[in-house]
Structures are given as structure tokens and as C-alpha cells.
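Have a look at final39.cif; it's mmCIF, C-alpha atoms:
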```cif
data_target
loop_
_atom_site.label_atom_id
_atom_site.label_comp_id
_atom_site.auth_asym_id
_atom_site.auth_seq_id
_atom_site.Cartn_x
_atom_site.Cartn_y
_atom_site.Cartn_z
CA MET A 165 -66.49 -59.04 -1.95
CA SER A 166 -62.76 -58.43 -2.36
CA ASN A 167 -61.50 -56.45 -5.34
CA ARG A 168 -58.02 -57.91 -5.05
CA HIS A 169 -56.40 -59.29 -8.16
CA ILE A 170 -55.31 -62.91 -7.71
CA ILE A 171 -51.77 -64.11 -8.38
CA THR A 172 -51.35 -67.88 -8.28
CA THR A 173 -47.81 -69.15 -7.87
CA GLN A 174 -45.96 -72.07 -6.34
CA VAL A 175 -43.64 -70.05 -4.07
CA ALA A 176 -44.26 -66.55 -2.70
CA ILE A 177 -41.11 -64.72 -1.57
CA MET A 178 -41.18 -61.68 0.68
CA GLY A 179 -37.99 -59.69 0.21
CA ALA A 180 -36.08 -58.83 -2.97
CA GLY A 181 -32.62 -58.55 -1.49
CA PRO A 182 -29.91 -60.98 -2.61
CA ALA A 183 -31.46 -63.95 -0.74
CA GLY A 184 -34.96 -63.55 -2.18
CA LEU A 185 -33.74 -62.88 -5.71
CA MET A 186 -31.26 -65.77 -5.66
CA LEU A 187 -33.98 -68.18 -4.58
CA SER A 188 -36.32 -66.88 -7.28
CA HIS A 189 -33.56 -67.30 -9.86
CA LEU A 190 -32.76 -70.89 -8.85
CA LEU A 191 -36.45 -71.82 -8.78
CA ALA A 192 -36.98 -70.38 -12.27
CA GLN A 193 -34.11 -72.46 -13.60
CA ALA A 194 -35.84 -75.55 -12.19
CA GLY A 195 -39.17 -74.58 -13.76
CA ILE A 196 -40.77 -73.59 -10.44
CA ASP A 197 -42.91 -70.43 -10.41
CA SER A 198 -42.36 -67.70 -7.83
CA THR A 199 -43.51 -64.17 -7.13
CA VAL A 200 -41.28 -61.79 -5.17
CA ILE A 201 -42.54 -58.70 -3.35
CA GLU A 202 -40.46 -56.00 -1.68
CA ILE A 203 -41.45 -52.93 0.35
CA ARG A 204 -38.38 -50.97 -0.76
CA SER A 205 -37.86 -49.55 -4.23
CA HIS A 206 -35.21 -50.93 -6.55
CA LYS A 207 -33.44 -47.55 -6.24
CA ASP A 208 -33.43 -47.67 -2.44
CA ILE A 209 -31.85 -51.13 -2.35
CA ALA A 210 -29.32 -50.25 -5.05
CA GLU A 211 -28.23 -47.13 -3.16
CA THR A 212 -27.86 -48.83 0.24
CA VAL A 213 -24.10 -49.15 0.57
CA ARG A 214 -23.07 -52.40 2.22
CA ALA A 215 -19.73 -54.11 2.28
CA GLY A 216 -19.29 -57.56 0.86
CA ILE A 217 -16.82 -60.39 1.35
CA LEU A 218 -18.04 -63.38 -0.64
CA GLU A 219 -17.00 -66.92 0.18
CA HIS A 220 -15.83 -69.10 -2.70
CA GLY A 221 -19.10 -71.05 -2.58
CA THR A 222 -21.18 -67.88 -2.95
CA VAL A 223 -19.09 -66.78 -5.90
CA ASN A 224 -19.40 -70.22 -7.52
CA LEU A 225 -23.19 -70.14 -7.16
CA LEU A 226 -23.46 -66.67 -8.72
CA VAL A 227 -21.32 -67.67 -11.66
CA ASP A 228 -22.32 -71.30 -12.21
CA SER A 229 -26.07 -70.64 -11.94
CA GLY A 230 -25.83 -68.02 -14.66
CA VAL A 231 -26.54 -64.90 -12.59
CA SER A 232 -23.39 -63.10 -13.73
CA ASP A 233 -19.63 -63.50 -13.89
CA ARG A 234 -19.11 -59.80 -13.08
CA VAL A 235 -17.80 -60.72 -9.64
CA LEU A 236 -14.83 -62.39 -11.35
CA ARG A 237 -14.21 -59.36 -13.56
CA ASP A 238 -14.94 -56.46 -11.20
CA GLY A 239 -14.45 -58.04 -7.78
CA ASP A 240 -11.10 -58.34 -6.01
CA ARG A 241 -9.94 -61.83 -5.16
CA HIS A 242 -8.27 -61.97 -1.77
CA ASP A 243 -6.05 -64.91 -0.97
CA GLY A 244 -5.60 -63.93 2.67
CA ILE A 245 -6.03 -61.35 5.41
CA GLU A 246 -3.70 -59.71 7.89
CA LEU A 247 -4.05 -59.96 11.64
CA ARG A 248 -2.23 -57.00 13.18
CA PHE A 249 -1.47 -56.73 16.88
CA ASN A 250 1.34 -55.24 18.94
CA GLY A 251 2.10 -53.19 15.83
CA GLU A 252 3.06 -56.26 13.82
CA SER A 253 1.26 -57.88 10.90
CA HIS A 254 0.70 -61.63 10.52
CA ARG A 255 -0.69 -62.83 7.19
CA VAL A 256 -3.25 -65.62 7.08
CA ASP A 257 -2.63 -67.24 3.68
CA PHE A 258 -5.93 -68.81 2.64
CA LYS A 259 -4.57 -70.32 -0.55
CA GLU A 260 -1.67 -72.01 1.17
CA LEU A 261 -3.71 -73.17 4.17
CA VAL A 262 -6.97 -74.40 2.62
CA GLY A 263 -6.65 -73.77 -1.13
CA GLU A 264 -9.48 -71.21 -1.27
CA SER A 265 -10.02 -67.46 -1.62
CA VAL A 266 -12.69 -64.86 -0.96
CA TRP A 267 -13.85 -61.98 -3.15
CA LEU A 268 -14.30 -58.36 -2.13
CA TYR A 269 -17.52 -57.48 -3.97
CA PRO A 270 -20.11 -55.12 -2.48
CA GLN A 271 -23.51 -56.56 -1.59
CA THR A 272 -25.04 -53.77 -3.66
CA ASP A 273 -23.44 -55.26 -6.76
CA VAL A 274 -24.72 -58.73 -5.87
CA PHE A 275 -28.22 -57.23 -5.75
CA LEU A 276 -27.76 -55.43 -9.08
CA ASP A 277 -26.55 -58.61 -10.77
CA LEU A 278 -29.47 -60.65 -9.44
CA ALA A 279 -32.08 -57.97 -10.16
CA ALA A 280 -30.82 -57.63 -13.73
CA ARG A 281 -30.92 -61.40 -14.27
CA ARG A 282 -34.47 -61.73 -12.91
CA SER A 283 -35.59 -58.84 -15.10
CA ALA A 284 -33.92 -60.30 -18.20
CA ASP A 285 -35.55 -63.67 -17.49
CA GLY A 286 -39.00 -62.16 -17.01
CA GLY A 287 -39.17 -62.87 -13.30
CA ASP A 288 -42.16 -61.60 -11.33
CA VAL A 289 -40.50 -59.17 -8.89
CA ARG A 290 -42.54 -56.28 -7.51
CA TYR A 291 -40.90 -53.41 -5.65
CA SER A 292 -42.39 -50.61 -3.52
CA VAL A 293 -45.35 -52.64 -2.28
CA THR A 294 -47.36 -51.59 0.78
CA ASN A 295 -50.03 -52.93 3.13
CA THR A 296 -48.65 -56.47 3.22
CA THR A 297 -50.49 -59.01 5.35
CA ILE A 298 -49.94 -62.76 5.63
CA HIS A 299 -52.62 -65.44 5.99
CA ASP A 300 -53.00 -69.23 6.32
CA LEU A 301 -49.40 -70.23 7.07
CA GLU A 302 -50.42 -73.72 8.10
CA GLY A 303 -52.40 -74.29 4.90
CA LYS A 304 -51.96 -72.60 1.53
CA PRO A 305 -50.27 -69.29 2.34
CA LYS A 306 -51.76 -66.05 1.06
CA VAL A 307 -50.16 -62.62 0.95
CA TRP A 308 -52.17 -59.45 0.46
CA PHE A 309 -50.40 -56.33 -0.76
CA THR A 310 -50.85 -53.09 -2.66
CA ASP A 311 -48.49 -52.45 -5.54
CA ALA A 312 -46.73 -49.19 -6.44
CA ASP A 313 -49.71 -48.12 -8.58
CA GLY A 314 -52.21 -48.62 -5.76
CA VAL A 315 -53.63 -51.89 -7.12
CA GLU A 316 -54.53 -54.52 -4.51
CA TYR A 317 -53.37 -58.11 -4.97
CA GLU A 318 -53.60 -61.47 -3.27
CA ILE A 319 -50.84 -64.02 -3.83
CA GLN A 320 -52.01 -67.61 -3.45
CA ALA A 321 -49.02 -69.93 -3.03
CA GLU A 322 -48.07 -73.38 -1.81
CA TYR A 323 -45.09 -72.08 0.17
CA LEU A 324 -44.07 -68.70 1.57
CA VAL A 325 -40.45 -67.65 2.07
CA GLY A 326 -39.51 -64.86 4.46
CA ALA A 327 -36.40 -63.25 3.00
CA ASP A 328 -37.38 -59.86 4.39
CA GLY A 329 -34.32 -58.94 6.40
CA SER A 330 -33.48 -58.23 10.00
CA ARG A 331 -36.76 -56.38 10.58
CA SER A 332 -38.67 -59.34 9.16
CA HIS A 333 -42.44 -59.11 9.05
CA CYS A 334 -42.66 -62.84 8.39
CA ARG A 335 -40.98 -64.04 11.58
CA PHE A 336 -43.48 -62.11 13.71
CA GLU A 337 -46.26 -64.15 12.08
CA ILE A 338 -44.97 -67.26 13.84
CA PRO A 339 -46.78 -67.76 17.17
CA GLU A 340 -44.58 -66.97 20.17
CA ALA A 341 -45.14 -70.46 21.56
CA ASP A 342 -43.65 -71.98 18.39
CA ARG A 343 -40.43 -70.00 18.20
CA LYS A 344 -37.37 -69.17 20.26
CA TRP A 345 -35.09 -66.17 19.85
CA HIS A 346 -31.41 -66.37 20.83
CA PHE A 347 -29.63 -63.03 21.40
CA HIS A 348 -26.18 -61.79 22.27
CA GLU A 349 -25.68 -58.03 22.58
CA TYR A 350 -22.18 -56.58 22.14
CA PRO A 351 -21.10 -53.55 24.19
CA PHE A 352 -19.46 -51.85 21.21
CA ALA A 353 -20.17 -50.77 17.65
CA TRP A 354 -18.19 -49.84 14.53
CA PHE A 355 -17.49 -46.28 13.47
CA GLY A 356 -17.38 -46.66 9.69
CA ILE A 357 -16.08 -44.27 7.06
CA LEU A 358 -15.69 -43.98 3.33
CA ALA A 359 -12.59 -41.97 2.46
CA GLN A 360 -11.07 -40.64 -0.73
CA ALA A 361 -7.66 -42.25 -0.46
CA ALA A 362 -5.41 -44.76 -2.15
CA ARG A 363 -5.44 -48.32 -0.83
CA SER A 364 -3.34 -48.86 2.25
CA ALA A 365 -3.13 -52.63 1.63
CA GLU A 366 -4.24 -55.13 -0.98
CA GLU A 367 -6.03 -57.32 1.58
CA LEU A 368 -8.12 -56.65 4.67
CA ILE A 369 -6.29 -55.76 7.88
CA TYR A 370 -7.87 -56.81 11.18
CA ALA A 371 -6.07 -54.74 13.81
CA ASN A 372 -6.17 -55.36 17.56
CA SER A 373 -4.75 -52.72 19.90
CA ASP A 374 -5.15 -51.56 23.46
CA LYS A 375 -6.99 -48.57 21.97
CA GLY A 376 -9.58 -50.83 20.34
CA PHE A 377 -10.18 -52.74 17.12
CA ALA A 378 -9.87 -51.38 13.56
CA LEU A 379 -10.62 -52.90 10.17
CA ILE A 380 -8.94 -51.59 7.05
CA SER A 381 -10.85 -52.62 3.95
CA GLN A 382 -10.86 -51.53 0.32
CA ARG A 383 -13.50 -50.27 -2.10
CA THR A 384 -11.90 -48.95 -5.29
CA GLU A 385 -8.49 -47.61 -6.26
CA THR A 386 -9.48 -44.18 -4.91
CA VAL A 387 -12.21 -44.79 -2.29
CA GLN A 388 -11.70 -46.95 0.81
CA ARG A 389 -13.94 -48.26 3.60
CA MET A 390 -12.59 -48.49 7.14
CA TYR A 391 -13.95 -49.05 10.66
CA PHE A 392 -12.87 -48.67 14.24
CA GLN A 393 -14.43 -49.91 17.47
CA CYS A 394 -16.54 -47.32 19.28
CA ASP A 395 -19.35 -46.86 21.78
CA PRO A 396 -22.79 -47.66 20.25
CA LYS A 397 -23.94 -44.18 21.35
CA GLU A 398 -21.06 -42.39 19.61
CA ASN A 399 -22.13 -39.17 17.83
CA VAL A 400 -20.60 -38.95 14.35
CA ALA A 401 -21.10 -35.17 14.33
CA GLU A 402 -18.38 -34.86 16.97
CA TRP A 403 -15.77 -36.46 14.72
CA ASP A 404 -14.00 -34.34 12.09
CA ASP A 405 -11.46 -35.74 9.65
CA ASP A 406 -8.44 -34.92 11.82
CA ARG A 407 -9.90 -36.70 14.84
CA ILE A 408 -10.94 -39.74 12.76
CA TRP A 409 -7.51 -40.21 11.20
CA ALA A 410 -5.76 -39.69 14.53
CA GLU A 411 -7.86 -42.54 15.95
CA PHE A 412 -7.01 -44.86 13.07
CA ARG A 413 -3.30 -44.04 13.45
CA ARG A 414 -3.40 -44.97 17.15
CA ARG A 415 -4.82 -48.38 16.30
CA VAL A 416 -3.08 -49.40 13.07
CA ASN A 417 0.11 -47.47 12.30
CA GLY A 418 3.48 -48.66 13.54
CA ASN A 419 6.63 -50.58 12.69
CA GLY A 420 6.92 -48.82 9.35
CA PHE A 421 3.25 -49.18 8.36
CA GLU A 422 1.16 -46.05 7.73
CA LEU A 423 -2.37 -45.67 6.42
CA ASN A 424 -3.05 -43.63 3.30
CA GLU A 425 -5.36 -40.81 4.36
CA GLY A 426 -7.75 -38.47 2.58
CA PRO A 427 -11.07 -36.62 2.85
CA VAL A 428 -13.82 -38.54 4.69
CA ILE A 429 -16.91 -38.56 2.46
CA GLU A 430 -19.22 -40.68 4.63
CA LYS A 431 -19.34 -41.68 8.29
CA MET A 432 -21.76 -43.75 10.37
CA VAL A 433 -22.05 -45.82 13.55
CA LEU A 434 -22.97 -49.49 13.06
CA PRO A 435 -24.17 -51.35 16.18
CA PHE A 436 -24.37 -55.12 15.89
CA ARG A 437 -25.52 -58.24 17.70
CA SER A 438 -25.82 -61.98 17.31
CA PHE A 439 -29.35 -63.32 16.77
CA VAL A 440 -30.84 -66.69 15.79
CA HIS A 441 -34.52 -67.57 15.31
CA THR A 442 -35.37 -71.24 15.80
CA PRO A 443 -36.80 -73.12 14.07
CA MET A 444 -36.46 -71.61 10.58
CA ARG A 445 -39.75 -73.15 9.46
CA TYR A 446 -43.34 -72.86 10.64
CA GLY A 447 -46.07 -74.59 8.66
CA ASN A 448 -45.47 -73.61 5.04
CA LEU A 449 -43.37 -70.57 5.94
CA PHE A 450 -39.58 -70.76 5.64
CA LEU A 451 -37.18 -68.08 6.90
CA VAL A 452 -33.89 -67.32 5.15
CA GLY A 453 -31.03 -64.89 5.74
CA ASP A 454 -31.32 -61.98 8.14
CA ALA A 455 -34.96 -62.82 8.80
CA ALA A 456 -33.67 -65.84 10.73
CA HIS A 457 -30.24 -64.78 11.95
CA THR A 458 -27.74 -61.95 12.15
CA VAL A 459 -24.04 -62.06 12.98
CA PRO A 460 -21.51 -59.36 13.82
CA PRO A 461 -19.65 -58.27 10.68
CA THR A 462 -16.23 -59.32 11.99
CA GLY A 463 -16.38 -62.75 10.38
CA ALA A 464 -17.93 -61.60 7.06
CA LYS A 465 -20.68 -64.24 7.29
CA GLY A 466 -24.00 -62.39 6.88
CA LEU A 467 -24.64 -62.51 3.13
CA ASN A 468 -22.88 -65.85 2.77
CA LEU A 469 -25.14 -67.45 5.38
CA ALA A 470 -28.19 -66.10 3.56
CA ILE A 471 -27.03 -67.63 0.28
CA HIS A 472 -26.39 -70.94 2.03
CA ASP A 473 -29.94 -70.89 3.44
CA VAL A 474 -31.23 -70.31 -0.07
CA ARG A 475 -29.23 -73.23 -1.41
CA MET A 476 -30.61 -75.56 1.29
CA LEU A 477 -34.20 -74.38 0.76
CA PHE A 478 -33.94 -74.60 -3.02
CA GLU A 479 -32.76 -78.20 -2.75
CA GLY A 480 -35.84 -78.99 -0.66
CA LEU A 481 -38.28 -77.24 -2.97
CA GLU A 482 -36.71 -78.69 -6.10
CA SER A 483 -36.88 -82.20 -4.63
CA TYR A 484 -40.52 -81.73 -3.67
CA TYR A 485 -41.63 -80.45 -7.07
CA ARG A 486 -39.51 -82.96 -8.98
CA SER A 487 -40.22 -86.14 -7.05
CA GLY A 488 -42.95 -85.32 -4.54
CA SER A 489 -40.61 -86.00 -1.62
CA SER A 490 -40.80 -83.50 1.25
CA ASP A 491 -37.88 -85.03 3.16
CA LEU A 492 -35.43 -82.21 2.39
CA LEU A 493 -38.04 -79.57 3.13
CA GLY A 494 -38.62 -81.23 6.49
CA ALA A 495 -34.89 -81.17 7.18
CA TYR A 496 -34.39 -77.57 6.01
CA SER A 497 -34.30 -75.89 9.41
CA ALA A 498 -31.88 -78.38 10.96
CA ARG A 499 -29.59 -78.35 7.91
CA ALA A 500 -29.48 -74.56 7.75
CA LEU A 501 -29.03 -74.10 11.49
CA ASP A 502 -26.02 -76.43 11.52
CA ARG A 503 -24.09 -73.88 9.48
CA VAL A 504 -25.70 -70.89 11.20
CA TRP A 505 -24.37 -71.94 14.61
CA LYS A 506 -20.92 -72.64 13.19
CA ALA A 507 -20.93 -69.13 11.74
CA GLN A 508 -22.19 -67.67 15.00
CA GLN A 509 -19.32 -69.32 16.85
CA PHE A 510 -16.74 -68.12 14.33
CA SER A 511 -18.12 -64.57 14.29
CA TYR A 512 -18.27 -64.43 18.10
CA TRP A 513 -14.72 -65.77 18.35
CA MET A 514 -13.32 -63.27 15.83
CA THR A 515 -15.20 -60.41 17.49
CA THR A 516 -14.12 -61.15 21.05
CA MET A 517 -10.55 -61.96 20.04
CA LEU A 518 -10.07 -58.71 18.14
CA HIS A 519 -12.12 -56.13 20.05
CA THR A 520 -10.84 -54.59 23.27
CA PRO A 521 -13.32 -55.04 26.14
CA GLU A 522 -14.32 -51.87 27.94
CA GLY A 523 -12.40 -51.57 31.19
CA ALA A 524 -10.01 -54.37 30.24
CA ASN A 525 -7.40 -55.03 32.91
CA ASP A 526 -3.83 -56.20 32.47
CA PHE A 527 -4.82 -59.85 32.70
CA SER A 528 -7.60 -59.67 30.07
CA ARG A 529 -5.37 -57.72 27.69
CA ALA A 530 -2.46 -60.16 28.10
CA ARG A 531 -4.84 -63.12 27.72
CA GLN A 532 -6.21 -61.65 24.46
CA LEU A 533 -2.70 -61.22 23.06
CA GLY A 534 -1.94 -64.78 24.11
CA GLU A 535 -4.94 -65.96 22.12
CA LEU A 536 -3.84 -64.05 19.03
CA ASN A 537 -0.31 -65.42 19.37
CA SER A 538 -1.74 -68.93 19.74
CA VAL A 539 -3.54 -68.55 16.42
CA VAL A 540 -0.71 -67.08 14.35
CA SER A 541 1.92 -69.46 15.77
CA SER A 542 -0.09 -72.60 14.95
CA ARG A 543 -0.76 -73.92 11.47
CA HIS A 544 -3.87 -75.63 12.84
CA GLY A 545 -5.10 -72.37 14.35
CA LEU A 546 -4.48 -70.51 11.09
CA ALA A 547 -6.16 -73.29 9.10
CA TYR A 548 -9.29 -73.12 11.26
CA LEU A 549 -9.52 -69.38 10.70
CA ALA A 550 -8.89 -69.76 6.96
CA GLU A 551 -11.46 -72.52 6.48
CA ALA A 552 -14.13 -70.68 8.44
CA TYR A 553 -13.46 -67.34 6.75
CA THR A 554 -13.46 -68.69 3.20
CA GLY A 555 -16.47 -70.95 3.83
CA TRP A 556 -16.90 -74.48 5.09
CA PRO A 557 -17.61 -77.29 2.61
CA GLY A 558 -21.22 -77.69 1.59
CA ILE A 559 -21.87 -74.89 -0.90
CA SER A 560 -19.11 -75.26 -3.45
#
```
Just give me the structure of the file as C-alpha cells.
Amino acid sequence: MSNRHIITTQVAIMGAGPAGLMLSHLLAQAGIDSTVIEIRSHKDIAETVRAGILEHGTVNLLVDSGVSDRVLRDGDRHDGIELRFNGESHRVDFKELVGESVWLYPQTDVFLDLAARRSADGGDVRYSVTNTTIHDLEGKPKVWFTDADGVEYEIQAEYLVGADGSRSHCRFEIPEADRKWHFHEYPFAWFGILAQAARSAEELIYANSDKGFALISQRTETVQRMYFQCDPKENVAEWDDDRIWAEFRRRVNGNGFELNEGPVIEKMVLPFRSFVHTPMRYGNLFLVGDAAHTVPPTGAKGLNLAIHDVRMLFEGLESYYRSGSSDLLGAYSARALDRVWKAQQFSYWMTTMLHTPEGANDFSRARQLGELNSVVSSRHGLAYLAEAYTGWPGIS
């Protein structure tokens, strides 16, 4: 006979990152019970440094749902970006083109805001769990786990949500015959740094050069995050500060613009790919966020897509528990994937337009510059970029 303690809830959520916690928060506001489990500790998640560009819809949801308004106080509103190529900068004015903005606000802070709200509201969120196994996805899902104190539990739920990231345990529970994985591997990665330096610009700079791509971002008044295109097998140990800054200068400086430089305090190589899992539902299991899809970081879509998934799934669950209708739950995968594929296209387009292909010849380089010129010389081209970057309608 099992010695597991029983937890009965309406929705079990695997993963206490921003997607899982946001869903738990929205469900609680609608009077729907949930239990969230997470294999990482709160400390581990809080100390995982990740960048964050938040679409206006994501910011609105954080603020309007009562999570926190800290993003408006501590985040940096950006009304545009710069595309830089041939040594010249071209500003994409989001406000003027589509009337929207984005916010620079680290994903770590989104997690901290959500975790604090769930704690203040008495949410059932359990970190540092082990030995998780999933059962009965086509009936009433059950999740077995051991908590941080070594106590064994069984969650009995009506629905299970896999919000457990790009290494998702949940998606592997779906039979191979009932799922399809779509991949695109990129032949390059990002060499990322944190540097003690003043800001070089007030908005993000996306720089294309024949030496490769670079992204100049911001963090605080004295610490900045930057990236340049590199080989996925690049060894960070072979790069000292002088070599790093020389590489950035080759790709960004020119025509009177110079980066502010300083000591490099962190460096890493970030490979990336495009991935989509279809469908995003199997039985009573729903996938959200990185468990179902990943995008290259060039288009700043990852966290925003996860929050959109959560919004779509919450609408389905709320409708079911309020009226008994499962129509929106049945439509969840198709509704979510509509935006996922739009974001995949935008991210792929931004990535291929801005990164220099290995072994590029004169034609491919000239064609790439022609594409960039086509965008910046057309209001319609700029408006497409601005609308996609700030977030399409549907989660305002």
C-alpha cells in the first residue's frame, strides 16, 4: 500500500518559472485550485540570469492582473530599436509606427514578482521536488513526487500543465505516434557578456556587419549585457577582455559611434534553435512555453510566447470551470500555435537577416544588405518589424 500523501486539486502545474506561476496566479483569481511543483530551488531560478524584453501585452497582464507594477517602476520602456549596418544606424520608432513600446525587464525579475505574489496569496508552490512521475494523462492525471523534506506525495488533478521548460519531462510523456517535433538548427551561437560599463545607447542596437552580428543591450546604469555571433563550439576561456572588446569594435563602432567599454564580469556561449511541438495538448495534458516551443533570441519572443500560451490556456480553463464548456480547451492548441508560428517566422527572419552566414560570398552579402535597406526604406517594412517586435494584437 502506498504511503504517499494525497493532494487533490483542479489543475496540476509542472514548472514554477514565469509561465507556471502566471497560470497559477490567474487560476487563483478565478477561484480555480492549482498545485505547482518545480525541480529547481527558488534560489536557483532567482539566480539564473536571463535577459528580458517584454511586449506591451505581457506588461499589461503583469500589471492588470495584480502581480506587480514593478516593471513600470524599475523596467526601462523602449520606444524603438536601432538597426545598424554598413556602419550606419537606422532607428525603428515603435511609438510612431504602431503606437506601442516594449520594456527591458529581466526574466529573473518577472519570476521574483510572480513568486512573491503567489506566496503572498497562499499559493501551493513546491520547489526542489524530486522523483517526479506522471500517470493517467488520458483520464484524471496524477503526479507522484518527493518534496524537499523527503515526503512522498501524489497529486490528483483534472488537468495537468507542462510548463517545465525546454528540457520538458511532460512532453516526453506524449506517445511518439501522437506528436510531431519541428526543428531548425542554426550554424551559429551568441557569445554573451556582462560588462561593468556605462550604457552605450538607450535602446537596443542590432548590428549587422561582414564580421558577424552583434547585439548591444542594457542592464543597469553600470552593468551592460552584449552579444556577438560566434561558432557554437567557441571556447570562452580563449577570450580575454581585450580580444572581446576588439571583436565588438569590429562589428559595431564606426561613423562616430563608439561603445563604452569596461571589465567583463561574465561570459558564456549561447547556442540556439527553433523548435515546435505539435499538438500542444494530449488527453488532459497541456504544454505551455518552452516545453512546447523555443525560438532564437533575436526576436525577443520566448517569454512573451509563454505568457500568451498561458493566457490562451487560462481562458479555456476558466470557461470550463465557469460554464462547463470545453470548447476553448479544445481549441487551445490551434489558438496557441497560430501565434507560435508567427513568432517563429519573425524570429527566423530577424536571425537570418542580421547574422552573417558562414562562408558568405559577395552575392549573399549584397543580398542581405539589400534586404536590410528594403526594410529601413519602407514604412510598411518598418511597421511589420515594429508590430511583430512589440507584440501582435491578442494579448493586450
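Minimum distance to Gly184 in chain A across A:Asn250, A:Thr199, A:Thr212, A:Ser205 (counting only C-alpha atoms) occurs at A:Thr199.
Counting all atoms listed in the file, Glu422 in chain A has the following residues at most 10 Å away, ignoring those fewer than 4 positions along the same chain: Ser364, Ala365, Phe412, Arg413, Val416, Asn417 and Gly418 of chain A.
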Generate a file of the selected residues that holds C-alpha atoms, formatted as a tab-separated table (two decimals), in the coordinates of the input.
```
chain	number	residue	atom	x	y	z
A	364	SER	CA	-3.34	-48.86	2.25
A	365	ALA	CA	-3.13	-52.63	1.63
A	412	PHE	CA	-7.01	-44.86	13.07
A	413	ARG	CA	-3.30	-44.04	13.45
A	416	VAL	CA	-3.08	-49.40	13.07
A	417	ASN	CA	0.11	-47.47	12.30
A	418	GLY	CA	3.48	-48.66	13.54
```
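The space between CA of Asp342 in chain A and CA of Gly303 in chain A spans 16.2 Å.
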Practice item. Select, from A:Val293, A:Ala371, A:Leu278, A:Ile298, the residue with the minimum atom-to-atom distance to Gly314 in chain A, counting all atoms listed in the file. Key: A:Val293
Point to revise | Cut-off 7 Å around (-22.2, -66.2, 0.2) with all atoms listed in the file: residues as a PyMOL selection string | key: chain A and resi 218-219+221-223+467-472
Using only C-alpha atoms, which residues sit within 10 Å of Ala547 in chain A once same-chain residues fewer than 5 positions away are excluded, as an mmCIF file with C-alpha atoms, in the coordinates of the input?
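Contents of part_11.cif, as written:
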```cif
data_model
loop_
_atom_site.group_PDB
_atom_site.id
_atom_site.type_symbol
_atom_site.label_atom_id
_atom_site.label_comp_id
_atom_site.auth_asym_id
_atom_site.auth_seq_id
_atom_site.Cartn_x
_atom_site.Cartn_y
_atom_site.Cartn_z
ATOM 1 C CA VAL A 256 -3.250 -65.620 7.080
ATOM 2 C CA ASP A 257 -2.630 -67.240 3.680
ATOM 3 C CA PHE A 258 -5.930 -68.810 2.640
ATOM 4 C CA GLU A 260 -1.670 -72.010 1.170
ATOM 5 C CA LEU A 261 -3.710 -73.170 4.170
ATOM 6 C CA VAL A 262 -6.970 -74.400 2.620
ATOM 7 C CA VAL A 539 -3.540 -68.550 16.420
ATOM 8 C CA VAL A 540 -0.710 -67.080 14.350
ATOM 9 C CA SER A 542 -0.090 -72.600 14.950
ATOM 10 C CA ALA A 552 -14.130 -70.680 8.440
ATOM 11 C CA TYR A 553 -13.460 -67.340 6.750
#
```
Check your understanding: Counting all atoms listed in the file, what is within 9 Å of range 186-194 of chain A, bar same-chain residues fewer than 5 positions away, as a PyMOL selection string?
Key -> chain A and resi 175+177+180-181+199-200+226+229+231+278+281-282+285+287-289+471+474-475+477-478+481-482+486
Review point. Suppose you want the space between CA of Thr384 in chain A and CA of Arg363 in chain A; what is it in Å?
Key: 7.9 Å
Exercise for review: State, in Å with one decimal place, the distance from CA of Asp328 in chain A to CA of Val274 in chain A.
Suggested key: 16.3 Å
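Comparing A:Ala312, A:Ile357, A:Val325, A:Ala280 by their smallest distance to Met178 in chain A, the closest is A:Val325 (using all atoms listed in the file).
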Practice item. Quick one: everything within 8 Å of Thr272 in chain A, counting all atoms listed in the file, minus sequence neighbours fewer than 5 positions away in the same chain. Send it as a list in words. Key: Ile209, Ala210, Glu211, Thr212, Val213, Arg214 and Ala215 of chain A
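The protein and nucleic acid residues lying at most 10 Å from Asp238 in chain A are Asp233, Trp267, Leu268, Tyr269 and Asp273 of chain A, with all atoms listed in the file considered and sequence neighbours fewer than 5 positions away removed.
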Check your understanding: Taking (-6.0, -59.2, 7.8) in the file's coordinates as the center, which residues reach within 9 Å of it, counting all atoms listed in the file, put as a PyMOL selection string?
Key -> chain A and resi 244-248+253-256+367-371+379-380
Exercise for review: I need the residue set behind the PyMOL selection byres ((chain A and resi 434-443) around 9) for this file; please write it as a ChimeraX atom specification.
Suggested key: /A:335,342-356,395-397,432-433,444-446,451,454-461,497-498,501,504-505,508,511-512
